[in-house]
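File shown here: data20.cif, holding mmCIF, C-alpha atoms.
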```cif
data_coords
#
loop_
_atom_site.group_PDB
_atom_site.id
_atom_site.type_symbol
_atom_site.label_atom_id
_atom_site.label_comp_id
_atom_site.auth_asym_id
_atom_site.auth_seq_id
_atom_site.Cartn_x
_atom_site.Cartn_y
_atom_site.Cartn_z
ATOM 1 C CA MET A 1 167.841 -16.300 87.035
ATOM 2 C CA LYS A 2 168.124 -12.501 86.774
ATOM 3 C CA LYS A 3 164.484 -12.100 87.811
ATOM 4 C CA THR A 4 164.959 -14.298 90.868
ATOM 5 C CA LEU A 5 168.076 -12.405 91.903
ATOM 6 C CA LEU A 6 166.262 -9.087 91.423
ATOM 7 C CA ILE A 7 163.278 -10.273 93.509
ATOM 8 C CA VAL A 8 165.563 -11.463 96.329
ATOM 9 C CA MET A 9 167.422 -8.130 96.349
ATOM 10 C CA LEU A 10 164.157 -6.163 96.437
ATOM 11 C CA MET A 11 162.854 -8.297 99.313
ATOM 12 C CA ASN A 12 166.052 -7.736 101.280
ATOM 13 C CA LEU A 13 165.849 -3.979 100.708
ATOM 14 C CA SER A 14 162.218 -3.785 101.734
ATOM 15 C CA LEU A 15 162.786 -5.872 104.865
ATOM 16 C CA SER A 16 165.811 -3.836 105.901
ATOM 17 C CA GLY A 17 163.476 -0.961 106.742
ATOM 18 C CA CYS A 18 161.881 -3.125 109.425
ATOM 19 C CA ALA A 19 165.147 -4.033 111.136
ATOM 20 C CA MET A 20 165.855 -2.262 114.397
ATOM 21 C CA GLY A 21 169.222 -0.689 114.741
ATOM 22 C CA GLU A 22 171.027 -0.246 117.973
ATOM 23 C CA GLY A 23 171.134 3.091 119.676
ATOM 24 C CA ASP A 24 169.144 5.574 121.680
ATOM 25 C CA PHE A 25 165.508 5.983 120.867
ATOM 26 C CA PRO A 26 163.421 8.949 121.999
ATOM 27 C CA SER A 27 161.728 8.548 125.326
ATOM 28 C CA LEU A 28 157.952 8.171 125.434
ATOM 29 C CA ALA A 29 157.784 10.077 128.731
ATOM 30 C CA LYS A 30 155.828 13.341 128.845
ATOM 31 C CA ARG A 31 157.702 16.479 127.890
ATOM 32 C CA PRO A 32 157.487 19.448 130.294
ATOM 33 C CA TYR A 33 155.285 21.475 127.946
ATOM 34 C CA GLU A 34 152.745 18.639 127.718
ATOM 35 C CA ASP A 35 151.640 19.250 131.314
ATOM 36 C CA GLN A 36 150.702 22.880 130.617
ATOM 37 C CA SER A 37 147.266 24.024 129.552
ATOM 38 C CA ALA A 38 146.770 23.943 125.790
ATOM 39 C CA ILE A 39 145.150 27.392 125.815
ATOM 40 C CA SER A 40 147.114 29.937 127.765
ATOM 41 C CA SER A 41 144.952 32.961 127.028
ATOM 42 C CA PRO A 42 141.271 33.241 126.240
ATOM 43 C CA GLY A 43 140.393 33.606 122.562
ATOM 44 C CA ASN A 44 137.759 35.855 121.154
ATOM 45 C CA PRO A 45 134.776 36.213 123.449
ATOM 46 C CA VAL A 46 131.669 34.273 122.498
ATOM 47 C CA PRO A 47 129.207 36.638 120.820
ATOM 48 C CA ALA A 48 126.008 37.420 122.666
ATOM 49 C CA LEU A 49 123.117 35.404 121.297
ATOM 50 C CA VAL A 50 120.274 37.415 119.793
ATOM 51 C CA SER A 51 116.875 35.805 120.245
ATOM 52 C CA SER A 52 114.905 38.387 118.268
ATOM 53 C CA LEU A 53 115.421 40.975 115.568
ATOM 54 C CA THR A 54 115.051 44.715 115.839
ATOM 55 C CA PRO A 55 111.475 45.819 115.075
ATOM 56 C CA ASP A 56 112.462 47.346 111.719
ATOM 57 C CA VAL A 57 114.299 44.241 110.564
ATOM 58 C CA GLN A 58 111.537 41.932 111.816
ATOM 59 C CA SER A 59 108.980 44.017 109.949
ATOM 60 C CA GLY A 60 111.040 43.772 106.754
ATOM 61 C CA VAL A 61 111.399 40.014 107.105
ATOM 62 C CA ASN A 62 107.674 39.598 107.758
ATOM 63 C CA GLN A 63 106.797 41.787 104.761
ATOM 64 C CA ALA A 64 109.121 39.840 102.453
ATOM 65 C CA LEU A 65 107.615 36.553 103.599
ATOM 66 C CA ARG A 66 104.007 37.801 103.237
ATOM 67 C CA THR A 67 104.691 39.151 99.756
ATOM 68 C CA SER A 68 106.373 35.963 98.625
ATOM 69 C CA ASN A 69 103.642 33.762 100.097
ATOM 70 C CA ALA A 70 100.931 35.763 98.323
ATOM 71 C CA ALA A 71 102.792 35.600 95.008
ATOM 72 C CA HIS A 72 103.411 31.883 95.457
ATOM 73 C CA GLU A 73 99.724 31.238 96.139
ATOM 74 C CA GLN A 74 98.789 33.146 92.993
ATOM 75 C CA PHE A 75 101.472 31.240 91.047
ATOM 76 C CA LEU A 76 100.072 27.895 92.207
ATOM 77 C CA HIS A 77 96.524 29.060 91.447
ATOM 78 C CA ASN A 78 97.489 29.892 87.819
ATOM 79 C CA LEU A 79 99.830 26.945 87.323
ATOM 80 C CA ASN A 80 97.365 24.252 86.219
ATOM 81 C CA ALA A 81 95.771 26.414 83.535
ATOM 82 C CA VAL A 82 99.188 27.307 82.125
ATOM 83 C CA LYS A 83 100.256 23.654 82.218
ATOM 84 C CA GLN A 84 97.144 22.706 80.222
ATOM 85 C CA ARG A 85 97.911 25.301 77.547
ATOM 86 C CA VAL A 86 101.537 24.198 77.372
ATOM 87 C CA VAL A 87 100.498 20.551 76.965
ATOM 88 C CA ALA A 88 98.049 21.611 74.240
ATOM 89 C CA ALA A 89 100.876 23.486 72.471
ATOM 90 C CA GLN A 90 103.374 20.613 72.590
ATOM 91 C CA GLY A 91 104.427 19.732 69.089
ATOM 92 C CA ALA A 92 102.712 22.794 67.660
ATOM 93 C CA ALA A 93 104.671 24.865 65.201
ATOM 94 C CA VAL A 94 106.554 27.869 66.532
ATOM 95 C CA SER A 95 104.393 30.970 66.107
ATOM 96 C CA SER A 96 101.216 28.899 65.826
ATOM 97 C CA GLU A 97 98.271 30.149 67.871
ATOM 98 C CA LYS A 98 98.601 27.414 70.519
ATOM 99 C CA TRP A 99 102.339 28.025 70.863
ATOM 100 C CA VAL A 100 101.900 31.801 71.170
ATOM 101 C CA VAL A 101 99.124 31.427 73.766
ATOM 102 C CA ALA A 102 101.299 29.055 75.825
ATOM 103 C CA GLN A 103 104.253 31.456 75.606
ATOM 104 C CA MET A 104 102.079 34.365 76.708
ATOM 105 C CA ASP A 105 100.735 32.356 79.628
ATOM 106 C CA LEU A 106 104.272 31.438 80.664
ATOM 107 C CA ALA A 107 105.264 35.099 80.529
ATOM 108 C CA ALA A 108 102.240 36.015 82.639
ATOM 109 C CA LEU A 109 103.154 33.293 85.128
ATOM 110 C CA GLU A 110 106.646 34.737 85.386
ATOM 111 C CA LEU A 111 105.137 38.132 86.157
ATOM 112 C CA VAL A 112 103.013 36.565 88.897
ATOM 113 C CA ARG A 113 106.139 35.146 90.520
ATOM 114 C CA SER A 114 108.179 38.349 90.307
ATOM 115 C CA PRO A 115 107.148 39.515 93.824
ATOM 116 C CA SER A 116 108.655 36.285 95.193
ATOM 117 C CA VAL A 117 111.925 37.007 93.397
ATOM 118 C CA GLU A 118 111.884 40.590 94.676
ATOM 119 C CA SER A 119 111.173 39.337 98.203
ATOM 120 C CA LEU A 120 114.177 37.052 97.971
ATOM 121 C CA ALA A 121 116.358 40.017 97.020
ATOM 122 C CA ASP A 122 114.873 42.080 99.873
ATOM 123 C CA ILE A 123 115.466 39.395 102.486
ATOM 124 C CA ASP A 124 118.994 38.835 101.152
ATOM 125 C CA SER A 125 119.697 42.526 101.819
ATOM 126 C CA LEU A 126 118.260 42.249 105.330
ATOM 127 C CA TYR A 127 120.354 39.141 105.949
ATOM 128 C CA ALA A 128 123.577 40.818 104.796
ATOM 129 C CA ALA A 129 122.859 43.924 106.889
ATOM 130 C CA GLU A 130 122.134 41.784 109.966
ATOM 131 C CA LEU A 131 125.381 39.851 109.495
ATOM 132 C CA ASP A 132 127.295 43.152 109.325
ATOM 133 C CA ARG A 133 125.550 44.456 112.440
ATOM 134 C CA GLU A 134 126.260 41.278 114.358
ATOM 135 C CA VAL A 135 129.941 41.363 113.450
ATOM 136 C CA GLN A 136 130.254 45.015 114.452
ATOM 137 C CA GLU A 137 128.372 44.590 117.730
ATOM 138 C CA GLY A 138 129.699 41.151 118.685
ATOM 139 C CA LEU A 139 126.300 39.467 118.435
ATOM 140 C CA SER A 140 124.982 36.314 116.822
ATOM 141 C CA GLY A 141 121.666 34.618 116.160
ATOM 142 C CA GLY A 142 119.663 37.288 114.372
ATOM 143 C CA ALA A 143 121.016 36.330 110.974
ATOM 144 C CA LEU A 144 119.937 32.751 111.629
ATOM 145 C CA ILE A 145 116.380 33.940 112.266
ATOM 146 C CA ILE A 146 116.428 35.735 108.910
ATOM 147 C CA LEU A 147 118.086 32.781 107.182
ATOM 148 C CA GLU A 148 115.220 30.477 108.157
ATOM 149 C CA LYS A 149 112.683 32.793 106.495
ATOM 150 C CA ARG A 150 115.007 33.382 103.551
ATOM 151 C CA ASN A 151 115.188 29.640 102.944
ATOM 152 C CA GLN A 152 111.377 29.487 102.815
ATOM 153 C CA ILE A 153 111.257 32.192 100.161
ATOM 154 C CA ASP A 154 114.158 30.630 98.270
ATOM 155 C CA GLY A 155 112.301 27.308 98.235
ATOM 156 C CA GLN A 156 109.257 28.976 96.696
ATOM 157 C CA VAL A 157 111.351 30.743 94.061
ATOM 158 C CA ARG A 158 113.183 27.527 93.177
ATOM 159 C CA GLN A 159 109.934 25.576 92.899
ATOM 160 C CA GLN A 160 108.474 28.253 90.638
ATOM 161 C CA GLN A 161 111.575 28.303 88.455
ATOM 162 C CA GLN A 162 111.563 24.514 88.102
ATOM 163 C CA GLN A 163 107.939 24.571 86.980
ATOM 164 C CA ILE A 164 108.576 27.321 84.422
ATOM 165 C CA ASP A 165 111.742 25.669 83.105
ATOM 166 C CA SER A 166 109.916 22.366 82.734
ATOM 167 C CA MET A 167 107.104 23.971 80.743
ATOM 168 C CA LYS A 168 109.536 25.922 78.570
ATOM 169 C CA GLY A 169 111.277 22.634 77.829
ATOM 170 C CA GLN A 170 107.996 21.161 76.658
ATOM 171 C CA LEU A 171 107.518 23.955 74.142
ATOM 172 C CA ARG A 172 110.879 23.559 72.408
#
```

Would you give me this structure, written as structure tokens?
Amino acid sequence: MKKTLLIVMLMNLSLSGCAMGEGDFPSLAKRPYEDQSAISSPGNPVPALVSSLTPDVQSGVNQALRTSNAAHEQFLHNLNAVKQRVVAAQGAAVSSEKWVVAQMDLAALELVRSPSVESLADIDSLYAAELDREVQEGLSGGALIILEKRNQIDGQVRQQQQQIDSMKGQLR
């Protein structure tokens, strides 16, 4: 009986929110300010779009990309031989000859990829400098040109790191 009474009271309370009371309701007509333009004054001017980089910056970007590409090619060239030595060393005791040879090859492979890592740092510096220049001069677009090349180098560095991490995992 108490539960039924409680349920009926709760239903009445919840339905009372739906009941319409008498009185004035706000008009749905437009207010005077709704007819005015939403933007009364122009915002910041749109930056001028840069379609090319300055010669110095373009040269730096090109050099970073060339260096990284060359290092990546050399990395890929050496990769299969290192993978074979790592596979041969799997399960070998730490400090055994096979394990040491595989570790040395991995270290050499990391040295081969170091120009790619350096190129990524170089292009990151160029990117940051271009962003600063564009902000100061009210320009845009040049940083996007650099970012496209930066992403290529970053992809190479990530691929190299994944390969090395995978092989290191096999030697543990």

I want to know what sits within 12 Å of Gly169 (chain A), based on all atoms listed in the file, with residues of the same chain fewer than 3 positions away left out; could you give that as a ChimeraX atom specification? /A:83,86-87,89-91,103,106,162-166,172

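In this model, the gap between CA of Leu139 (chain A) and CA of Ile153 (chain A) comes to 24.8 Å.
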
What's the separation between CA of Leu111 (chain A) and CA of Asp56 (chain A), in Å to one decimal place? 28.1 Å

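With the shown file loaded, the PyMOL selection byres ((chain A and resi 112) around 9) picks out Ala71, His72, Gln74, Phe75, Asn78, Ala107, Ala108, Leu109, Glu110, Leu111, Arg113, Ser114, Pro115 and Ser116 of chain A.
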
Output C-alpha atoms of each residue in that selection to a file, as an mmCIF file, keeping the file's coordinate frame.
```
data_model
loop_
_atom_site.group_PDB
_atom_site.id
_atom_site.type_symbol
_atom_site.label_atom_id
_atom_site.label_comp_id
_atom_site.auth_asym_id
_atom_site.auth_seq_id
_atom_site.Cartn_x
_atom_site.Cartn_y
_atom_site.Cartn_z
ATOM 1 C CA ALA A 71 102.792 35.600 95.008
ATOM 2 C CA HIS A 72 103.411 31.883 95.457
ATOM 3 C CA GLN A 74 98.789 33.146 92.993
ATOM 4 C CA PHE A 75 101.472 31.240 91.047
ATOM 5 C CA ASN A 78 97.489 29.892 87.819
ATOM 6 C CA ALA A 107 105.264 35.099 80.529
ATOM 7 C CA ALA A 108 102.240 36.015 82.639
ATOM 8 C CA LEU A 109 103.154 33.293 85.128
ATOM 9 C CA GLU A 110 106.646 34.737 85.386
ATOM 10 C CA LEU A 111 105.137 38.132 86.157
ATOM 11 C CA ARG A 113 106.139 35.146 90.520
ATOM 12 C CA SER A 114 108.179 38.349 90.307
ATOM 13 C CA PRO A 115 107.148 39.515 93.824
ATOM 14 C CA SER A 116 108.655 36.285 95.193
#
```

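Reported to one decimal place, the separation of CA of Glu118 (chain A) from CA of Leu131 (chain A) is 20.1 Å.
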
Find the smallest box with edges along x, y and z containing every listed atom of region 48-66 of chain A, then add 5 Å on each side and report centre and edge lengths in Å to one decimal, as lines of an AutoDock Vina configuration file.
```
center_x = 115.0
center_y = 41.4
center_z = 112.6
size_x = 32.0
size_y = 21.9
size_z = 30.2
```

Would you list the residues near (121.4, 35.8, 108.3), meaning any protein, DNA or RNA residue with an atom at most 8 Å from that point in file coordinates, counting only C-alpha atoms, as a PyMOL selection string? chain A and resi 126-128+130-131+141-147

Once you count only C-alpha atoms, which residues end up no further than 12 Å from (105.8, 38.8, 103.9) in the file's frame, shown as a PyMOL selection string? chain A and resi 58-72+115-116+118-120+122-123+149-150+152-153

Any chance you could export the current selection's C-alpha atoms as a PDB file, in the frame of the given file?
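Result written to out13.pdb:
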```
ATOM      1  CA  GLN A  58     111.537  41.932 111.816  1.00  0.00           C
ATOM      2  CA  SER A  59     108.980  44.017 109.949  1.00  0.00           C
ATOM      3  CA  GLY A  60     111.040  43.772 106.754  1.00  0.00           C
ATOM      4  CA  VAL A  61     111.399  40.014 107.105  1.00  0.00           C
ATOM      5  CA  ASN A  62     107.674  39.598 107.758  1.00  0.00           C
ATOM      6  CA  GLN A  63     106.797  41.787 104.761  1.00  0.00           C
ATOM      7  CA  ALA A  64     109.121  39.840 102.453  1.00  0.00           C
ATOM      8  CA  LEU A  65     107.615  36.553 103.599  1.00  0.00           C
ATOM      9  CA  ARG A  66     104.007  37.801 103.237  1.00  0.00           C
ATOM     10  CA  THR A  67     104.691  39.151  99.756  1.00  0.00           C
ATOM     11  CA  SER A  68     106.373  35.963  98.625  1.00  0.00           C
ATOM     12  CA  ASN A  69     103.642  33.762 100.097  1.00  0.00           C
ATOM     13  CA  ALA A  70     100.931  35.763  98.323  1.00  0.00           C
ATOM     14  CA  ALA A  71     102.792  35.600  95.008  1.00  0.00           C
ATOM     15  CA  HIS A  72     103.411  31.883  95.457  1.00  0.00           C
ATOM     16  CA  PRO A 115     107.148  39.515  93.824  1.00  0.00           C
ATOM     17  CA  SER A 116     108.655  36.285  95.193  1.00  0.00           C
ATOM     18  CA  GLU A 118     111.884  40.590  94.676  1.00  0.00           C
ATOM     19  CA  SER A 119     111.173  39.337  98.203  1.00  0.00           C
ATOM     20  CA  LEU A 120     114.177  37.052  97.971  1.00  0.00           C
ATOM     21  CA  ASP A 122     114.873  42.080  99.873  1.00  0.00           C
ATOM     22  CA  ILE A 123     115.466  39.395 102.486  1.00  0.00           C
ATOM     23  CA  LYS A 149     112.683  32.793 106.495  1.00  0.00           C
ATOM     24  CA  ARG A 150     115.007  33.382 103.551  1.00  0.00           C
ATOM     25  CA  GLN A 152     111.377  29.487 102.815  1.00  0.00           C
ATOM     26  CA  ILE A 153     111.257  32.192 100.161  1.00  0.00           C
TER      27      ILE A 153
END
```

Return the single residue from A:Ser140, A:Gln170, A:Asn151, A:Gln161 that is closest to Ala92 (chain A), with distances computed using only C-alpha atoms. A:Gln170

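For the choices A:Ile7, A:Leu171, A:Leu53, A:Leu28, the atom-to-atom distance to Ala88 (chain A) is smallest for A:Leu171 when using all atoms listed in the file.
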